[in-house]
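Shown next: protein19.cif, containing mmCIF, N, CA and C atoms.
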data_entry
loop_
_atom_site.label_atom_id
_atom_site.label_comp_id
_atom_site.auth_asym_id
_atom_site.auth_seq_id
_atom_site.Cartn_x
_atom_site.Cartn_y
_atom_site.Cartn_z
N MET Y 1 -13.90 8.86 -52.72
CA MET Y 1 -13.68 8.27 -51.41
C MET Y 1 -14.50 9.02 -50.36
N THR Y 2 -15.20 8.29 -49.55
CA THR Y 2 -15.94 8.91 -48.46
C THR Y 2 -15.05 8.91 -47.21
N PRO Y 3 -15.30 9.83 -46.26
CA PRO Y 3 -14.45 9.90 -45.06
C PRO Y 3 -14.37 8.58 -44.30
N SER Y 4 -15.46 7.79 -44.29
CA SER Y 4 -15.43 6.54 -43.53
C SER Y 4 -14.54 5.49 -44.19
N SER Y 5 -14.31 5.58 -45.48
CA SER Y 5 -13.51 4.57 -46.15
C SER Y 5 -12.01 4.78 -45.90
N THR Y 6 -11.60 5.93 -45.39
CA THR Y 6 -10.18 6.17 -45.12
C THR Y 6 -9.78 5.70 -43.73
N ALA Y 7 -10.71 5.20 -42.93
CA ALA Y 7 -10.43 4.84 -41.54
C ALA Y 7 -9.53 3.61 -41.42
N CYS Y 8 -9.47 2.75 -42.45
CA CYS Y 8 -8.70 1.52 -42.32
C CYS Y 8 -7.55 1.49 -43.32
N LEU Y 9 -6.75 2.51 -43.34
CA LEU Y 9 -5.57 2.53 -44.18
C LEU Y 9 -4.58 1.49 -43.67
N PRO Y 10 -3.75 0.93 -44.55
CA PRO Y 10 -2.81 -0.11 -44.11
C PRO Y 10 -1.87 0.35 -42.98
N SER Y 11 -1.59 1.65 -42.88
CA SER Y 11 -0.66 2.12 -41.84
C SER Y 11 -1.32 2.23 -40.47
N THR Y 12 -2.64 2.05 -40.41
CA THR Y 12 -3.35 2.12 -39.13
C THR Y 12 -3.17 0.81 -38.39
N PRO Y 13 -2.85 0.85 -37.09
CA PRO Y 13 -2.65 -0.42 -36.37
C PRO Y 13 -3.90 -1.28 -36.28
N GLY Y 14 -5.06 -0.71 -36.56
CA GLY Y 14 -6.29 -1.49 -36.59
C GLY Y 14 -6.56 -2.20 -35.29
N GLY Y 15 -6.77 -3.51 -35.36
CA GLY Y 15 -7.11 -4.28 -34.18
C GLY Y 15 -5.91 -4.83 -33.43
N GLN Y 16 -4.72 -4.28 -33.66
CA GLN Y 16 -3.54 -4.78 -32.98
C GLN Y 16 -3.63 -4.51 -31.48
N PRO Y 17 -3.36 -5.49 -30.63
CA PRO Y 17 -3.38 -5.24 -29.18
C PRO Y 17 -2.23 -4.32 -28.78
N MET Y 18 -2.49 -3.47 -27.82
CA MET Y 18 -1.48 -2.51 -27.38
C MET Y 18 -0.78 -2.99 -26.11
N THR Y 19 -0.78 -4.28 -25.87
CA THR Y 19 -0.14 -4.84 -24.68
C THR Y 19 1.36 -4.95 -24.92
N PRO Y 20 2.17 -4.37 -24.01
CA PRO Y 20 3.62 -4.51 -24.18
C PRO Y 20 4.07 -5.95 -23.92
N GLY Y 21 5.21 -6.31 -24.46
CA GLY Y 21 5.74 -7.64 -24.22
C GLY Y 21 5.18 -8.65 -25.21
N THR Y 22 5.55 -9.92 -25.00
CA THR Y 22 5.08 -10.97 -25.90
C THR Y 22 4.55 -12.13 -25.09
N GLY Y 23 3.98 -13.08 -25.78
CA GLY Y 23 3.44 -14.32 -25.26
C GLY Y 23 3.36 -14.51 -23.76
N GLY Y 24 4.49 -14.86 -23.11
CA GLY Y 24 4.47 -15.25 -21.72
C GLY Y 24 4.50 -14.11 -20.72
N SER Y 25 4.59 -12.88 -21.17
CA SER Y 25 4.67 -11.78 -20.20
C SER Y 25 3.31 -11.47 -19.61
N ILE Y 26 3.33 -10.79 -18.47
CA ILE Y 26 2.09 -10.43 -17.79
C ILE Y 26 1.60 -9.08 -18.32
N ASP Y 27 0.33 -8.98 -18.55
CA ASP Y 27 -0.28 -7.74 -19.00
C ASP Y 27 -0.17 -6.71 -17.88
N VAL Y 28 0.46 -5.56 -18.15
CA VAL Y 28 0.65 -4.56 -17.11
C VAL Y 28 -0.66 -3.96 -16.61
N MET Y 29 -1.74 -4.16 -17.32
CA MET Y 29 -3.03 -3.65 -16.88
C MET Y 29 -3.77 -4.66 -16.00
N SER Y 30 -3.14 -5.80 -15.75
CA SER Y 30 -3.75 -6.81 -14.90
C SER Y 30 -4.02 -6.23 -13.52
N PRO Y 31 -5.20 -6.50 -12.94
CA PRO Y 31 -5.52 -5.94 -11.62
C PRO Y 31 -4.56 -6.42 -10.53
N VAL Y 32 -3.88 -7.56 -10.75
CA VAL Y 32 -2.95 -8.05 -9.74
C VAL Y 32 -1.67 -7.21 -9.72
N ILE Y 33 -1.25 -6.72 -10.87
CA ILE Y 33 0.02 -6.01 -10.98
C ILE Y 33 -0.12 -4.49 -10.91
N GLY Y 34 -1.07 -3.93 -11.62
CA GLY Y 34 -1.16 -2.48 -11.69
C GLY Y 34 -2.56 -1.98 -11.35
N GLY Y 35 -2.71 -0.68 -11.38
CA GLY Y 35 -4.03 -0.10 -11.17
C GLY Y 35 -4.40 -0.01 -9.70
N ASP Y 36 -5.70 0.05 -9.43
CA ASP Y 36 -6.20 0.27 -8.08
C ASP Y 36 -6.00 -0.91 -7.14
N ASN Y 37 -5.70 -2.09 -7.67
CA ASN Y 37 -5.57 -3.27 -6.82
C ASN Y 37 -4.13 -3.55 -6.42
N GLU Y 38 -3.24 -2.62 -6.66
CA GLU Y 38 -1.84 -2.80 -6.37
C GLU Y 38 -1.59 -2.81 -4.87
N GLY Y 39 -0.81 -3.79 -4.41
CA GLY Y 39 -0.45 -3.85 -3.01
C GLY Y 39 -1.30 -4.89 -2.29
N PRO Y 40 -1.42 -4.86 -0.99
CA PRO Y 40 -0.76 -3.87 -0.15
C PRO Y 40 0.74 -4.15 0.00
N TRP Y 41 1.51 -3.09 0.02
CA TRP Y 41 2.96 -3.19 0.19
C TRP Y 41 3.33 -2.36 1.41
N PHE Y 42 4.34 -2.82 2.12
CA PHE Y 42 4.80 -2.06 3.27
C PHE Y 42 5.31 -0.69 2.83
N VAL Y 43 5.09 0.30 3.66
CA VAL Y 43 5.55 1.66 3.40
C VAL Y 43 6.17 2.20 4.70
N PRO Y 44 7.09 3.16 4.61
CA PRO Y 44 7.70 3.71 5.82
C PRO Y 44 6.68 4.45 6.69
N ASP Y 45 7.02 4.56 7.97
CA ASP Y 45 6.26 5.34 8.96
C ASP Y 45 4.95 4.70 9.40
N ILE Y 46 4.81 3.38 9.23
CA ILE Y 46 3.61 2.72 9.74
C ILE Y 46 3.97 1.83 10.92
N LEU Y 47 2.98 1.63 11.80
CA LEU Y 47 3.16 0.74 12.95
C LEU Y 47 2.98 -0.70 12.52
N VAL Y 48 3.88 -1.57 13.01
CA VAL Y 48 3.81 -2.99 12.70
C VAL Y 48 4.12 -3.81 13.96
N ASN Y 49 3.63 -5.03 13.97
CA ASN Y 49 4.03 -6.02 14.97
C ASN Y 49 5.08 -6.90 14.33
N VAL Y 50 6.21 -7.08 15.00
CA VAL Y 50 7.26 -7.97 14.50
C VAL Y 50 7.18 -9.25 15.32
N ARG Y 51 7.00 -10.38 14.62
CA ARG Y 51 6.92 -11.69 15.28
C ARG Y 51 8.10 -12.53 14.81
N ARG Y 52 8.92 -12.93 15.75
CA ARG Y 52 10.05 -13.81 15.43
C ARG Y 52 9.91 -15.09 16.23
N ALA Y 53 10.40 -16.18 15.68
CA ALA Y 53 10.28 -17.48 16.34
C ALA Y 53 10.84 -17.41 17.76
N GLY Y 54 10.04 -17.83 18.72
CA GLY Y 54 10.49 -17.85 20.11
C GLY Y 54 10.37 -16.53 20.85
N ASP Y 55 10.09 -15.45 20.15
CA ASP Y 55 9.98 -14.14 20.79
C ASP Y 55 8.52 -13.71 20.85
N ASP Y 56 8.23 -12.83 21.79
CA ASP Y 56 6.92 -12.20 21.82
C ASP Y 56 6.83 -11.20 20.69
N SER Y 57 5.62 -10.82 20.34
CA SER Y 57 5.41 -9.79 19.32
C SER Y 57 5.89 -8.45 19.86
N THR Y 58 6.58 -7.69 19.02
CA THR Y 58 7.10 -6.39 19.39
C THR Y 58 6.56 -5.35 18.43
N VAL Y 59 6.07 -4.21 18.95
CA VAL Y 59 5.57 -3.15 18.10
C VAL Y 59 6.75 -2.28 17.65
N GLY Y 60 6.75 -1.93 16.38
CA GLY Y 60 7.81 -1.08 15.84
C GLY Y 60 7.28 -0.20 14.72
N VAL Y 61 8.18 0.60 14.16
CA VAL Y 61 7.83 1.51 13.06
C VAL Y 61 8.77 1.21 11.90
N ILE Y 62 8.20 0.97 10.71
CA ILE Y 62 9.02 0.75 9.52
C ILE Y 62 9.72 2.06 9.15
N MET Y 63 11.03 2.00 9.06
CA MET Y 63 11.81 3.17 8.68
C MET Y 63 12.22 3.13 7.22
N GLU Y 64 12.45 1.91 6.70
CA GLU Y 64 12.98 1.79 5.35
C GLU Y 64 12.63 0.41 4.80
N ILE Y 65 12.33 0.37 3.50
CA ILE Y 65 12.10 -0.89 2.81
C ILE Y 65 13.39 -1.20 2.05
N LEU Y 66 13.97 -2.36 2.31
CA LEU Y 66 15.24 -2.73 1.68
C LEU Y 66 14.99 -3.41 0.34
N PRO Y 67 16.00 -3.40 -0.55
CA PRO Y 67 15.80 -3.95 -1.91
C PRO Y 67 15.34 -5.40 -1.93
N ASP Y 68 15.69 -6.20 -0.93
CA ASP Y 68 15.28 -7.61 -0.93
C ASP Y 68 13.87 -7.81 -0.38
N GLY Y 69 13.17 -6.70 -0.04
CA GLY Y 69 11.80 -6.80 0.47
C GLY Y 69 11.72 -6.79 1.99
N SER Y 70 12.85 -6.97 2.67
CA SER Y 70 12.82 -6.90 4.12
C SER Y 70 12.74 -5.43 4.55
N CYS Y 71 12.47 -5.21 5.82
CA CYS Y 71 12.25 -3.85 6.31
C CYS Y 71 13.16 -3.55 7.49
N LYS Y 72 13.67 -2.31 7.52
CA LYS Y 72 14.38 -1.83 8.69
C LYS Y 72 13.33 -1.22 9.61
N ILE Y 73 13.25 -1.74 10.83
CA ILE Y 73 12.20 -1.36 11.77
C ILE Y 73 12.83 -0.89 13.08
N VAL Y 74 12.33 0.20 13.62
CA VAL Y 74 12.77 0.67 14.93
C VAL Y 74 11.77 0.13 15.95
N VAL Y 75 12.28 -0.63 16.92
CA VAL Y 75 11.45 -1.17 17.99
C VAL Y 75 11.96 -0.64 19.31
N GLY Y 76 11.16 -0.81 20.32
CA GLY Y 76 11.57 -0.35 21.64
C GLY Y 76 10.69 0.78 22.10
N GLY Y 77 11.32 1.85 22.50
CA GLY Y 77 10.60 2.98 23.06
C GLY Y 77 11.24 3.36 24.38
N ASN Y 78 10.75 4.35 25.02
CA ASN Y 78 11.30 4.82 26.29
C ASN Y 78 12.79 5.11 26.18
N GLY Y 79 13.23 5.58 25.00
CA GLY Y 79 14.64 5.92 24.83
C GLY Y 79 15.52 4.72 24.54
N ASN Y 80 14.95 3.50 24.49
CA ASN Y 80 15.73 2.29 24.23
C ASN Y 80 15.50 1.79 22.81
N ASP Y 81 15.39 2.69 21.85
CA ASP Y 81 15.11 2.31 20.47
C ASP Y 81 16.22 1.42 19.92
N GLU Y 82 15.80 0.43 19.14
CA GLU Y 82 16.73 -0.49 18.52
C GLU Y 82 16.28 -0.71 17.09
N ALA Y 83 17.19 -0.65 16.13
CA ALA Y 83 16.86 -0.90 14.73
C ALA Y 83 17.11 -2.37 14.42
N ILE Y 84 16.10 -3.01 13.87
CA ILE Y 84 16.23 -4.41 13.46
C ILE Y 84 15.82 -4.54 12.00
N THR Y 85 16.20 -5.64 11.39
CA THR Y 85 15.74 -5.95 10.04
C THR Y 85 14.85 -7.17 10.13
N ALA Y 86 13.68 -7.09 9.53
CA ALA Y 86 12.72 -8.20 9.57
C ALA Y 86 12.23 -8.50 8.16
N HIS Y 87 11.97 -9.76 7.91
CA HIS Y 87 11.43 -10.19 6.62
C HIS Y 87 9.91 -10.03 6.62
N PRO Y 88 9.30 -9.88 5.44
CA PRO Y 88 7.86 -9.66 5.37
C PRO Y 88 7.02 -10.69 6.12
N ASN Y 89 7.47 -11.95 6.16
CA ASN Y 89 6.68 -12.98 6.85
C ASN Y 89 6.75 -12.83 8.37
N GLU Y 90 7.60 -11.94 8.88
CA GLU Y 90 7.70 -11.69 10.32
C GLU Y 90 6.97 -10.41 10.73
N ILE Y 91 6.37 -9.72 9.74
CA ILE Y 91 5.78 -8.40 9.98
C ILE Y 91 4.27 -8.46 9.79
N GLU Y 92 3.55 -7.88 10.73
CA GLU Y 92 2.10 -7.78 10.64
C GLU Y 92 1.72 -6.32 10.86
N VAL Y 93 0.94 -5.77 9.96
CA VAL Y 93 0.54 -4.36 10.04
C VAL Y 93 -0.43 -4.17 11.20
N VAL Y 94 -0.25 -3.09 11.96
CA VAL Y 94 -1.20 -2.74 13.02
C VAL Y 94 -2.42 -2.12 12.35
N GLN Y 95 -3.58 -2.77 12.53
CA GLN Y 95 -4.82 -2.29 11.92
C GLN Y 95 -5.27 -1.00 12.61
N PRO Y 96 -5.58 0.02 11.82
CA PRO Y 96 -6.05 1.27 12.42
C PRO Y 96 -7.49 1.14 12.92
N ARG Y 97 -7.85 2.00 13.86
CA ARG Y 97 -9.21 2.08 14.37
C ARG Y 97 -9.77 3.45 13.99
N LYS Y 98 -11.07 3.60 14.16
CA LYS Y 98 -11.72 4.86 13.85
C LYS Y 98 -11.00 6.00 14.56
N SER Y 99 -10.79 7.10 13.85
CA SER Y 99 -10.11 8.33 14.31
C SER Y 99 -8.59 8.24 14.28
N ASP Y 100 -8.01 7.08 13.91
CA ASP Y 100 -6.55 6.97 13.81
C ASP Y 100 -6.05 7.67 12.55
N LYS Y 101 -4.82 8.20 12.62
CA LYS Y 101 -4.12 8.66 11.43
C LYS Y 101 -3.65 7.42 10.69
N ILE Y 102 -3.79 7.41 9.37
CA ILE Y 102 -3.44 6.22 8.59
C ILE Y 102 -2.52 6.56 7.43
N LYS Y 103 -1.90 5.52 6.88
CA LYS Y 103 -1.13 5.63 5.64
C LYS Y 103 -1.62 4.51 4.72
N ILE Y 104 -1.79 4.84 3.45
CA ILE Y 104 -2.34 3.90 2.47
C ILE Y 104 -1.19 3.10 1.84
N MET Y 105 -1.33 1.75 1.86
CA MET Y 105 -0.26 0.86 1.41
C MET Y 105 -0.43 0.33 0.00
N GLY Y 106 -1.51 0.65 -0.69
CA GLY Y 106 -1.69 0.12 -2.03
C GLY Y 106 -2.76 0.87 -2.79
N GLY Y 107 -2.84 0.59 -4.09
CA GLY Y 107 -3.84 1.23 -4.93
C GLY Y 107 -3.40 2.59 -5.42
N ALA Y 108 -4.35 3.32 -5.95
CA ALA Y 108 -4.08 4.61 -6.58
C ALA Y 108 -3.56 5.66 -5.60
N HIS Y 109 -3.87 5.50 -4.31
CA HIS Y 109 -3.48 6.50 -3.31
C HIS Y 109 -2.32 6.02 -2.43
N ARG Y 110 -1.56 5.02 -2.90
CA ARG Y 110 -0.45 4.45 -2.12
C ARG Y 110 0.49 5.55 -1.64
N GLY Y 111 0.81 5.52 -0.35
CA GLY Y 111 1.73 6.49 0.24
C GLY Y 111 1.04 7.71 0.83
N ALA Y 112 -0.23 7.92 0.48
CA ALA Y 112 -0.96 9.08 1.00
C ALA Y 112 -1.34 8.83 2.47
N THR Y 113 -1.52 9.93 3.21
CA THR Y 113 -1.93 9.84 4.60
C THR Y 113 -3.32 10.44 4.76
N GLY Y 114 -3.96 10.09 5.85
CA GLY Y 114 -5.28 10.62 6.12
C GLY Y 114 -5.75 10.20 7.49
N LYS Y 115 -7.05 10.31 7.69
CA LYS Y 115 -7.67 9.94 8.96
C LYS Y 115 -8.78 8.96 8.68
N LEU Y 116 -8.82 7.86 9.44
CA LEU Y 116 -9.88 6.88 9.31
C LEU Y 116 -11.10 7.42 10.05
N ILE Y 117 -12.12 7.81 9.28
CA ILE Y 117 -13.30 8.43 9.92
C ILE Y 117 -14.43 7.44 10.13
N GLY Y 118 -14.27 6.22 9.61
CA GLY Y 118 -15.29 5.21 9.82
C GLY Y 118 -14.88 3.88 9.22
N VAL Y 119 -15.52 2.81 9.70
CA VAL Y 119 -15.28 1.47 9.18
C VAL Y 119 -16.63 0.84 8.88
N ASP Y 120 -16.76 0.26 7.68
CA ASP Y 120 -17.99 -0.40 7.27
C ASP Y 120 -17.60 -1.78 6.75
N GLY Y 121 -17.65 -2.77 7.61
CA GLY Y 121 -17.25 -4.12 7.21
C GLY Y 121 -15.76 -4.16 6.93
N THR Y 122 -15.41 -4.47 5.67
CA THR Y 122 -13.99 -4.52 5.29
C THR Y 122 -13.53 -3.22 4.65
N ASP Y 123 -14.41 -2.22 4.59
CA ASP Y 123 -14.07 -0.94 3.98
C ASP Y 123 -13.74 0.10 5.05
N GLY Y 124 -12.73 0.91 4.77
CA GLY Y 124 -12.41 2.03 5.63
C GLY Y 124 -12.80 3.32 4.94
N ILE Y 125 -13.40 4.23 5.68
CA ILE Y 125 -13.77 5.53 5.13
C ILE Y 125 -12.69 6.50 5.58
N VAL Y 126 -11.96 7.04 4.61
CA VAL Y 126 -10.75 7.81 4.87
C VAL Y 126 -10.88 9.22 4.34
N LYS Y 127 -10.49 10.20 5.16
CA LYS Y 127 -10.38 11.58 4.71
C LYS Y 127 -8.91 11.83 4.45
N LEU Y 128 -8.56 12.05 3.17
CA LEU Y 128 -7.16 12.25 2.78
C LEU Y 128 -6.63 13.59 3.29
N ASP Y 129 -5.38 13.61 3.73
CA ASP Y 129 -4.77 14.84 4.24
C ASP Y 129 -4.52 15.87 3.14
N ASP Y 130 -4.04 15.41 1.97
CA ASP Y 130 -3.61 16.37 0.94
C ASP Y 130 -4.77 17.05 0.21
N THR Y 131 -5.84 16.29 -0.09
CA THR Y 131 -6.94 16.87 -0.87
C THR Y 131 -8.22 17.06 -0.05
N LEU Y 132 -8.26 16.51 1.15
CA LEU Y 132 -9.44 16.50 2.01
C LEU Y 132 -10.60 15.71 1.40
N ASP Y 133 -10.32 14.94 0.33
CA ASP Y 133 -11.32 14.06 -0.26
C ASP Y 133 -11.64 12.93 0.70
N VAL Y 134 -12.86 12.43 0.64
CA VAL Y 134 -13.24 11.25 1.41
C VAL Y 134 -13.27 10.07 0.45
N LYS Y 135 -12.56 9.00 0.81
CA LYS Y 135 -12.47 7.81 -0.04
C LYS Y 135 -12.88 6.58 0.75
N ILE Y 136 -13.46 5.61 0.07
CA ILE Y 136 -13.76 4.32 0.68
C ILE Y 136 -12.74 3.33 0.14
N LEU Y 137 -11.92 2.80 1.04
CA LEU Y 137 -10.82 1.92 0.65
C LEU Y 137 -10.88 0.63 1.44
N ASP Y 138 -10.39 -0.45 0.83
CA ASP Y 138 -10.32 -1.73 1.52
C ASP Y 138 -9.38 -1.61 2.71
N MET Y 139 -9.79 -2.13 3.86
CA MET Y 139 -8.99 -2.02 5.08
C MET Y 139 -7.62 -2.68 4.95
N VAL Y 140 -7.47 -3.66 4.03
CA VAL Y 140 -6.15 -4.29 3.90
C VAL Y 140 -5.10 -3.31 3.38
N PHE Y 141 -5.54 -2.19 2.77
CA PHE Y 141 -4.62 -1.19 2.26
C PHE Y 141 -4.27 -0.13 3.30
N LEU Y 142 -4.87 -0.19 4.48
CA LEU Y 142 -4.70 0.88 5.47
C LEU Y 142 -3.84 0.40 6.64
N ALA Y 143 -2.91 1.25 7.06
CA ALA Y 143 -2.06 0.96 8.21
C ALA Y 143 -2.06 2.16 9.14
N LYS Y 144 -1.90 1.90 10.43
CA LYS Y 144 -1.85 2.97 11.40
C LYS Y 144 -0.53 3.72 11.24
N LEU Y 145 -0.64 5.04 11.10
CA LEU Y 145 0.53 5.88 10.93
C LEU Y 145 1.20 6.08 12.28
N ALA Y 146 2.53 5.98 12.29
CA ALA Y 146 3.29 6.21 13.53
C ALA Y 146 3.20 7.68 13.90
N GLN Y 147 3.07 7.96 15.19
CA GLN Y 147 3.02 9.35 15.67
C GLN Y 147 4.43 9.89 15.68
N THR Y 148 4.60 11.08 15.12
CA THR Y 148 5.93 11.69 15.05
C THR Y 148 6.11 12.73 16.13
#
Entire entry expressed as structure tokens:
Amino acid sequence: MTPSSTACLPSTPGGQPMTPGTGGSIDVMSPVIGGDNEGPWFVPDILVNVRRAGDDSTVGVIMEILPDGSCKIVVGGNGNDEAITAHPNEIEVVQPRKSDKIKIMGGAHRGATGKLIGVDGTDGIVKLDDTLDVKILDMVFLAKLAQT
């Protein structure tokens, strides 16, 4: 027996796919579900505009994401803070501008904070706070971080 002839023993999974689940399930490696294309999802401590039918847009800060997908948001200011609950279709993320502190809402760096050091079309150039790495990320994943 030569070493190459032992490579296909019956106990070797061979060409079996390593995808979990069966037939109708979604492949967890799908770019829509996992990996770098995940999100954007709301995260705490970002600035948002809350739009409700009949009301003007109000700026607030997401404090908590509730299990049903809605968000607890503090709106107001000047000492008149009020906590409200809003559904995702009533919430619009405040887009950061150059030099703003940001929080990443999706992809491999979800939840990380940094500084937006430049914008190139739909890409944001971000310097991460934790590693000081510079990353180019899609602007849809970036939200303006609330000042604490």
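Every polymer residue reaching to within 8 Å of (8.0, -2.3, 17.8), counting only N, CA and C atoms, appears in this list: Leu47, Val48, Asn49, Val50, Ser57, Thr58, Val59, Gly60, Val61, Ile62, Ile73, Val74, Val75, Gly76 and Gly77 of chain Y.
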remark   = In terms of only C-alpha atoms, the residue from Y:Val134, Y:Leu128, Y:Leu145, Y:Ala53 at minimal distance from Lys103 in chain Y is Y:Leu145
key: Nearest-residue call for Ile65 in chain Y, choices Y:Ala83, Y:Arg51, Y:Phe42, Y:Glu90, using only N, CA and C atoms   = Y:Phe42
query = Contacts of Asp129 in chain Y at 9 Å or less, counting only C-alpha atoms, minus same-chain residues fewer than 2 places along, as a list in words?
reply = Ala112, Thr113, Gly114, Lys115, Lys127, Thr131, Leu132 and Asp133 of chain Y
Nearby residues (all atoms listed in the file) at most 6 Å from Pro88 in chain Y, same-chain spacing under 5 positions excluded, as number ranges by chain = Y: 69-71
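In this model, the gap between CA of Lys144 in chain Y and CA of Asp120 in chain Y comes to 17.0 Å.
Among the candidates Y:Ala86, Y:Ala143, Y:Leu137, Y:Met63, the residue lying nearest to Ile102 in chain Y is Y:Ala143 (atoms considered: only C-alpha atoms).
What separates CA of Lys98 in chain Y from CA of Val140 in chain Y is a distance of 14.6 Å.
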inquiry  = Evaluated on this file, the PyMOL selection byres ((chain Y and resi 138) around 6) picks out some residues - which ones are they, written as a PyMOL selection string?
reply    = chain Y and resi 122-124+136-137+139-142
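In this comparison, which uses all atoms listed in the file, the residue of Y:Asn89, Y:Asn80, Y:Ala146, Y:Trp41 approaching Lys101 in chain Y most closely is Y:Ala146.
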message = So the first atom is CA of Ile46 in chain Y and the second is atom C of Arg110 in chain Y; what is the distance between them in Å, to one decimal place?
response = 12.1 Å
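Running DSSP on the backbone and keeping only helix (DSSP H, G or I), the residues of range 30-126 of chain Y that qualify are Gly35, Asp36, Asn37, Pro88, Asn89 and Glu90 of chain Y.
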Return the padded bounding box of range 57-69 of chain Y as AutoDock Vina command-line options: axis-aligned, built from all atoms listed in the file, 3 Å added on each side, with centre and edge lengths in Å to one decimal.
--center_x 10.7 --center_y -3.8 --center_z 9.2 --size_x 16.6 --size_y 20.0 --size_z 28.3
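Proximity ranking of Y:Gly111, Y:His87, Y:Asp130, Y:Asp81 relative to Pro44 in chain Y places Y:Gly111 first, based on all atoms listed in the file.
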task = From a DSSP calculation on the backbone, collect every residue of range 53-133 of chain Y in strand (DSSP E) and output the set as a VMD selection string.
result = chain Y and resid 58 to 65 71 to 75 82 to 86 91 to 93 101 to 104 113 to 120 123 to 128
message = Please enumerate the residues selected by the PyMOL selection byres (((chain Y and resi 125 and name CA) around 6) and name CA) when evaluated against the supplied file, formatted as a PyMOL selection string.
response = chain Y and resi 116-119+124+126+135-136
Can those selected residues be exported to a file as a PDB file, in the coordinates of the input so that it contains N, CA and C atoms?
ATOM      1  N   LEU Y 116      -8.820   7.860   9.440  1.00  0.00           N
ATOM      2  CA  LEU Y 116      -9.880   6.880   9.310  1.00  0.00           C
ATOM      3  C   LEU Y 116     -11.100   7.420  10.050  1.00  0.00           C
ATOM      4  N   ILE Y 117     -12.120   7.810   9.280  1.00  0.00           N
ATOM      5  CA  ILE Y 117     -13.300   8.430   9.920  1.00  0.00           C
ATOM      6  C   ILE Y 117     -14.430   7.440  10.130  1.00  0.00           C
ATOM      7  N   GLY Y 118     -14.270   6.220   9.610  1.00  0.00           N
ATOM      8  CA  GLY Y 118     -15.290   5.210   9.820  1.00  0.00           C
ATOM      9  C   GLY Y 118     -14.880   3.880   9.220  1.00  0.00           C
ATOM     10  N   VAL Y 119     -15.520   2.810   9.700  1.00  0.00           N
ATOM     11  CA  VAL Y 119     -15.280   1.470   9.180  1.00  0.00           C
ATOM     12  C   VAL Y 119     -16.630   0.840   8.880  1.00  0.00           C
ATOM     13  N   GLY Y 124     -12.730   0.910   4.770  1.00  0.00           N
ATOM     14  CA  GLY Y 124     -12.410   2.030   5.630  1.00  0.00           C
ATOM     15  C   GLY Y 124     -12.800   3.320   4.940  1.00  0.00           C
ATOM     16  N   VAL Y 126     -11.960   7.040   4.610  1.00  0.00           N
ATOM     17  CA  VAL Y 126     -10.750   7.810   4.870  1.00  0.00           C
ATOM     18  C   VAL Y 126     -10.880   9.220   4.340  1.00  0.00           C
ATOM     19  N   LYS Y 135     -12.560   9.000   0.810  1.00  0.00           N
ATOM     20  CA  LYS Y 135     -12.470   7.810  -0.040  1.00  0.00           C
ATOM     21  C   LYS Y 135     -12.880   6.580   0.750  1.00  0.00           C
ATOM     22  N   ILE Y 136     -13.460   5.610   0.070  1.00  0.00           N
ATOM     23  CA  ILE Y 136     -13.760   4.320   0.680  1.00  0.00           C
ATOM     24  C   ILE Y 136     -12.740   3.330   0.140  1.00  0.00           C
TER      25      ILE Y 136
END
